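Student: Pasting in a structure now, in structure tokens, and then I'll have a few things to ask.
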Amino acid sequence: MLQPSFHIHQEGLENAELDDARLIIDAGLHHFALAIMSYQGNKFIALEYYPLKPESREEEISRLIKEHPLLSLHYKDILVSFNTKEA
């Protein structure tokens, strides 16, 4: 799987209850980023940033979506931002 250029996770994230959290995804031509925020206190639980290679970005994003463990969990809501000039 693609490796993030940085990732910050709250301690114990693997055991956290995320049913009351918001998943935020920012997808651009050169990056894919995700953040998880709690509704209680509006605090970040996780933040990850993946640089993408233009020649393989569609494949990399597809693989991330299918294989990333945080993207297969249930959230209270999900916000997706397409960070491109066309959007």
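Here, A, B, ... name the chains of the structure tokens in the order displayed, residue numbers run from 1 inside each chain, and ligands are numbered from 1 in the same displayed order.
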As a compact mmCIF listing (two decimals) with N, CA, C and O atoms, in the first residue's frame, please: every residue in chain A that DSSP puts in helix (DSSP H, G or I).

Tutor:
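part_39.txt, freshly written:
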# COMPACT_ATOMS: atom_id res chain seq x y z
N LEU A 13 -5.87 4.56 18.69
CA LEU A 13 -6.81 4.69 17.59
C LEU A 13 -7.38 3.35 17.15
O LEU A 13 -8.56 3.25 16.82
N GLU A 14 -6.57 2.32 17.21
CA GLU A 14 -7.04 1.00 16.76
C GLU A 14 -8.20 0.48 17.61
O GLU A 14 -8.98 -0.36 17.17
N ASN A 15 -8.37 1.01 18.82
CA ASN A 15 -9.46 0.58 19.71
C ASN A 15 -10.53 1.66 19.88
O ASN A 15 -11.45 1.48 20.67
N ARG A 57 -1.86 7.93 -10.13
CA ARG A 57 -2.71 8.41 -9.03
C ARG A 57 -4.05 7.68 -8.93
O ARG A 57 -4.51 7.40 -7.84
N GLU A 58 -4.68 7.36 -10.07
CA GLU A 58 -5.97 6.67 -10.01
C GLU A 58 -5.82 5.30 -9.37
O GLU A 58 -6.64 4.89 -8.55
N GLU A 59 -4.78 4.60 -9.74
CA GLU A 59 -4.51 3.28 -9.17
C GLU A 59 -4.19 3.39 -7.68
O GLU A 59 -4.67 2.60 -6.87
N GLU A 60 -3.39 4.38 -7.31
CA GLU A 60 -3.02 4.56 -5.91
C GLU A 60 -4.23 4.91 -5.05
O GLU A 60 -4.41 4.38 -3.95
N ILE A 61 -5.09 5.81 -5.53
CA ILE A 61 -6.29 6.18 -4.77
C ILE A 61 -7.22 4.98 -4.65
O ILE A 61 -7.76 4.71 -3.58
N SER A 62 -7.40 4.24 -5.73
CA SER A 62 -8.26 3.05 -5.70
C SER A 62 -7.75 2.04 -4.68
O SER A 62 -8.52 1.50 -3.89
N ARG A 63 -6.45 1.81 -4.66
CA ARG A 63 -5.87 0.85 -3.71
C ARG A 63 -6.04 1.35 -2.28
O ARG A 63 -6.37 0.58 -1.38
N LEU A 64 -5.81 2.66 -2.05
CA LEU A 64 -5.98 3.22 -0.71
C LEU A 64 -7.41 3.02 -0.21
O LEU A 64 -7.64 2.60 0.93
N ILE A 65 -8.38 3.34 -1.07
CA ILE A 65 -9.78 3.23 -0.67
C ILE A 65 -10.14 1.78 -0.33
O ILE A 65 -10.89 1.52 0.61
N LYS A 66 -9.62 0.84 -1.07
CA LYS A 66 -9.93 -0.58 -0.84
C LYS A 66 -9.21 -1.16 0.36
O LYS A 66 -9.74 -2.02 1.06
N GLU A 67 -7.97 -0.71 0.61
CA GLU A 67 -7.12 -1.40 1.59
C GLU A 67 -6.88 -0.66 2.90
O GLU A 67 -6.44 -1.27 3.87
N PRO A 69 -7.32 0.58 6.42
CA PRO A 69 -8.22 0.13 7.50
C PRO A 69 -9.14 1.23 8.03
O PRO A 69 -10.28 0.96 8.41
N LEU A 70 -8.69 2.48 8.06
CA LEU A 70 -9.54 3.56 8.58
C LEU A 70 -10.67 3.91 7.62
O LEU A 70 -11.68 4.47 8.03
N LEU A 71 -10.52 3.58 6.34
CA LEU A 71 -11.56 3.90 5.37
C LEU A 71 -12.65 2.83 5.30
O LEU A 71 -13.63 3.01 4.60
N SER A 72 -12.49 1.75 6.04
CA SER A 72 -13.52 0.71 6.05
C SER A 72 -14.38 0.76 7.32
O SER A 72 -15.24 -0.09 7.50

Student: When you look at Met37 (chain A) with a cut-off of 8 Å (counting only C-alpha atoms), what residues show up, excluding the ones that are within fewer than 4 positions of it in the same chain? I need them as JSON, numbers by chain.

Tutor: {"A": [21, 22, 23, 24, 42, 43, 44, 45, 46]}

Student: Could those selected residues go to a file with N, CA and C atoms, as a compact mmCIF listing (two decimals), in the first residue's frame?

Tutor:
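Saved to part.txt:
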# COMPACT_ATOMS: atom_id res chain seq x y z
N ALA A 21 -17.66 10.05 14.97
CA ALA A 21 -16.58 10.87 14.44
C ALA A 21 -16.87 11.20 12.98
N ARG A 22 -16.17 12.19 12.47
CA ARG A 22 -16.31 12.62 11.07
C ARG A 22 -15.05 12.25 10.32
N LEU A 23 -15.21 11.62 9.16
CA LEU A 23 -14.11 11.33 8.25
C LEU A 23 -14.08 12.44 7.20
N ILE A 24 -12.92 13.04 7.02
CA ILE A 24 -12.75 14.09 6.02
C ILE A 24 -11.70 13.62 5.02
N ASN A 42 -14.46 18.59 19.07
CA ASN A 42 -14.02 18.95 17.73
C ASN A 42 -12.50 18.84 17.59
N LYS A 43 -11.95 17.69 17.98
CA LYS A 43 -10.50 17.47 17.98
C LYS A 43 -10.12 16.44 16.92
N PHE A 44 -8.91 16.60 16.37
CA PHE A 44 -8.39 15.63 15.43
C PHE A 44 -8.04 14.33 16.14
N ILE A 45 -8.42 13.22 15.54
CA ILE A 45 -8.06 11.90 16.02
C ILE A 45 -6.94 11.33 15.16
N ALA A 46 -7.00 11.63 13.86
CA ALA A 46 -5.98 11.15 12.93
C ALA A 46 -5.86 12.11 11.75

Student: Which neighbours of His31 (chain A) fall inside 10 Å, counting only C-alpha atoms, when residues of the same chain fewer than 4 positions from it are skipped, and could you give them as a compact mmCIF listing (two decimals) with N, CA and C atoms, in the first residue's frame?

Tutor:
# COMPACT_ATOMS: atom_id res chain seq x y z
N PRO A 4 2.18 7.04 3.57
CA PRO A 4 1.95 8.48 3.75
C PRO A 4 3.26 9.22 3.94
N ASP A 26 -9.65 14.70 1.44
CA ASP A 26 -9.29 15.75 0.50
C ASP A 26 -8.48 15.09 -0.61
N ALA A 27 -9.05 15.05 -1.82
CA ALA A 27 -8.38 14.39 -2.95
C ALA A 27 -8.04 15.43 -4.00
N TYR A 49 -1.42 12.17 5.09
CA TYR A 49 -1.23 12.83 3.81
C TYR A 49 -0.41 11.94 2.90
N TYR A 50 -0.94 11.68 1.71
CA TYR A 50 -0.27 10.82 0.73
C TYR A 50 0.03 11.61 -0.53
N PRO A 51 1.31 11.78 -0.90
CA PRO A 51 1.61 12.38 -2.19
C PRO A 51 1.33 11.36 -3.29
N LEU A 52 0.81 11.81 -4.42
CA LEU A 52 0.47 10.91 -5.52
C LEU A 52 1.35 11.20 -6.73
N LYS A 53 1.70 10.14 -7.44
CA LYS A 53 2.42 10.28 -8.70
C LYS A 53 1.38 10.44 -9.81
N PRO A 54 1.53 11.47 -10.65
CA PRO A 54 0.51 11.72 -11.69
C PRO A 54 0.23 10.51 -12.58
N ARG A 57 -1.86 7.93 -10.13
CA ARG A 57 -2.71 8.41 -9.03
C ARG A 57 -4.05 7.68 -8.93
N ILE A 61 -5.09 5.81 -5.53
CA ILE A 61 -6.29 6.18 -4.77
C ILE A 61 -7.22 4.98 -4.65
N ASN A 83 -10.10 18.54 -4.53
CA ASN A 83 -9.27 19.73 -4.52
C ASN A 83 -8.59 19.89 -5.89

Student: Which of these residues is nearest to Phe82 (chain A), using only C-alpha atoms: A:Glu17, A:Gly12, A:Gly28, A:Glu48?

Tutor: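 For Phe82 (chain A), the nearest of the candidates is A:Gly28.
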
Student: Can you tell me, as a list in words, what residues are no more than 10 Å from Asp20 (chain A) when counting only C-alpha atoms, ignoring any on the same chain fewer than 3 positions away?

Tutor: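 So, after excluding close chain neighbours, the residues are Glu17, Met37, Ser38, Tyr39, Gln40, His74, Tyr75, Lys76 and Asp77 of chain A.
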
Student: For the selection you just gave me, I'd like the residues written to a file as a PDB file, in the first residue's frame, keeping N, CA and C atoms.

Tutor:
ATOM      1  N   GLU A  17     -13.724   4.122  19.351  1.00  0.00           N
ATOM      2  CA  GLU A  17     -15.078   4.075  18.804  1.00  0.00           C
ATOM      3  C   GLU A  17     -15.233   5.280  17.882  1.00  0.00           C
ATOM      4  N   MET A  37     -12.067  13.472  12.800  1.00  0.00           N
ATOM      5  CA  MET A  37     -12.305  14.424  13.879  1.00  0.00           C
ATOM      6  C   MET A  37     -13.419  13.917  14.772  1.00  0.00           C
ATOM      7  N   SER A  38     -13.255  14.133  16.056  1.00  0.00           N
ATOM      8  CA  SER A  38     -14.320  13.784  16.996  1.00  0.00           C
ATOM      9  C   SER A  38     -15.316  14.916  17.055  1.00  0.00           C
ATOM     10  N   TYR A  39     -16.569  14.584  17.264  1.00  0.00           N
ATOM     11  CA  TYR A  39     -17.577  15.623  17.456  1.00  0.00           C
ATOM     12  C   TYR A  39     -17.464  16.214  18.848  1.00  0.00           C
ATOM     13  N   GLN A  40     -17.101  15.387  19.810  1.00  0.00           N
ATOM     14  CA  GLN A  40     -16.940  15.882  21.178  1.00  0.00           C
ATOM     15  C   GLN A  40     -15.620  16.633  21.257  1.00  0.00           C
ATOM     16  N   HIS A  74     -17.037   2.711  10.203  1.00  0.00           N
ATOM     17  CA  HIS A  74     -18.267   3.503  10.154  1.00  0.00           C
ATOM     18  C   HIS A  74     -18.044   4.819  10.894  1.00  0.00           C
ATOM     19  N   TYR A  75     -18.555   5.897  10.291  1.00  0.00           N
ATOM     20  CA  TYR A  75     -18.430   7.232  10.861  1.00  0.00           C
ATOM     21  C   TYR A  75     -19.803   7.887  10.918  1.00  0.00           C
ATOM     22  N   LYS A  76     -19.922   8.887  11.765  1.00  0.00           N
ATOM     23  CA  LYS A  76     -21.187   9.621  11.856  1.00  0.00           C
ATOM     24  C   LYS A  76     -21.478  10.310  10.530  1.00  0.00           C
ATOM     25  N   ASP A  77     -20.467  10.922   9.936  1.00  0.00           N
ATOM     26  CA  ASP A  77     -20.612  11.470   8.594  1.00  0.00           C
ATOM     27  C   ASP A  77     -19.256  11.533   7.903  1.00  0.00           C
TER      28      ASP A  77
END

Student: Under the rule that only C-alpha atoms are counted, which of A:Leu2, A:Leu18, A:Ala87, A:Val80 is the nearest residue to Ile36 (chain A)?

Tutor: A:Leu18

Student: Could you please determine the separation between CA of Asp19 (chain A) and CA of Leu34 (chain A) in Å, to one decimal place?

Tutor: 16.4 Å

Student: Can you list every residue in chain A that DSSP puts in strand (DSSP E), as a PyMOL selection string?

Tutor: chain A and resi 6-9+21-28+31-38+44-51+77-83

Student: Please determine, counting only C-alpha atoms, which residue among A:Ile8, A:Leu29, A:Gln3, A:Glu55 has the shortest atom-to-atom distance to Lys85 (chain A).

Tutor: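 Once distances to Lys85 (chain A) are computed over only C-alpha atoms, the minimum belongs to A:Leu29.
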
Student: Identify which of the residues A:Gly41, A:Glu86, A:His30, A:Leu47 lies closest to Gln10 (chain A), counting only C-alpha atoms when measuring atom-to-atom distances.

Tutor: A:Leu47
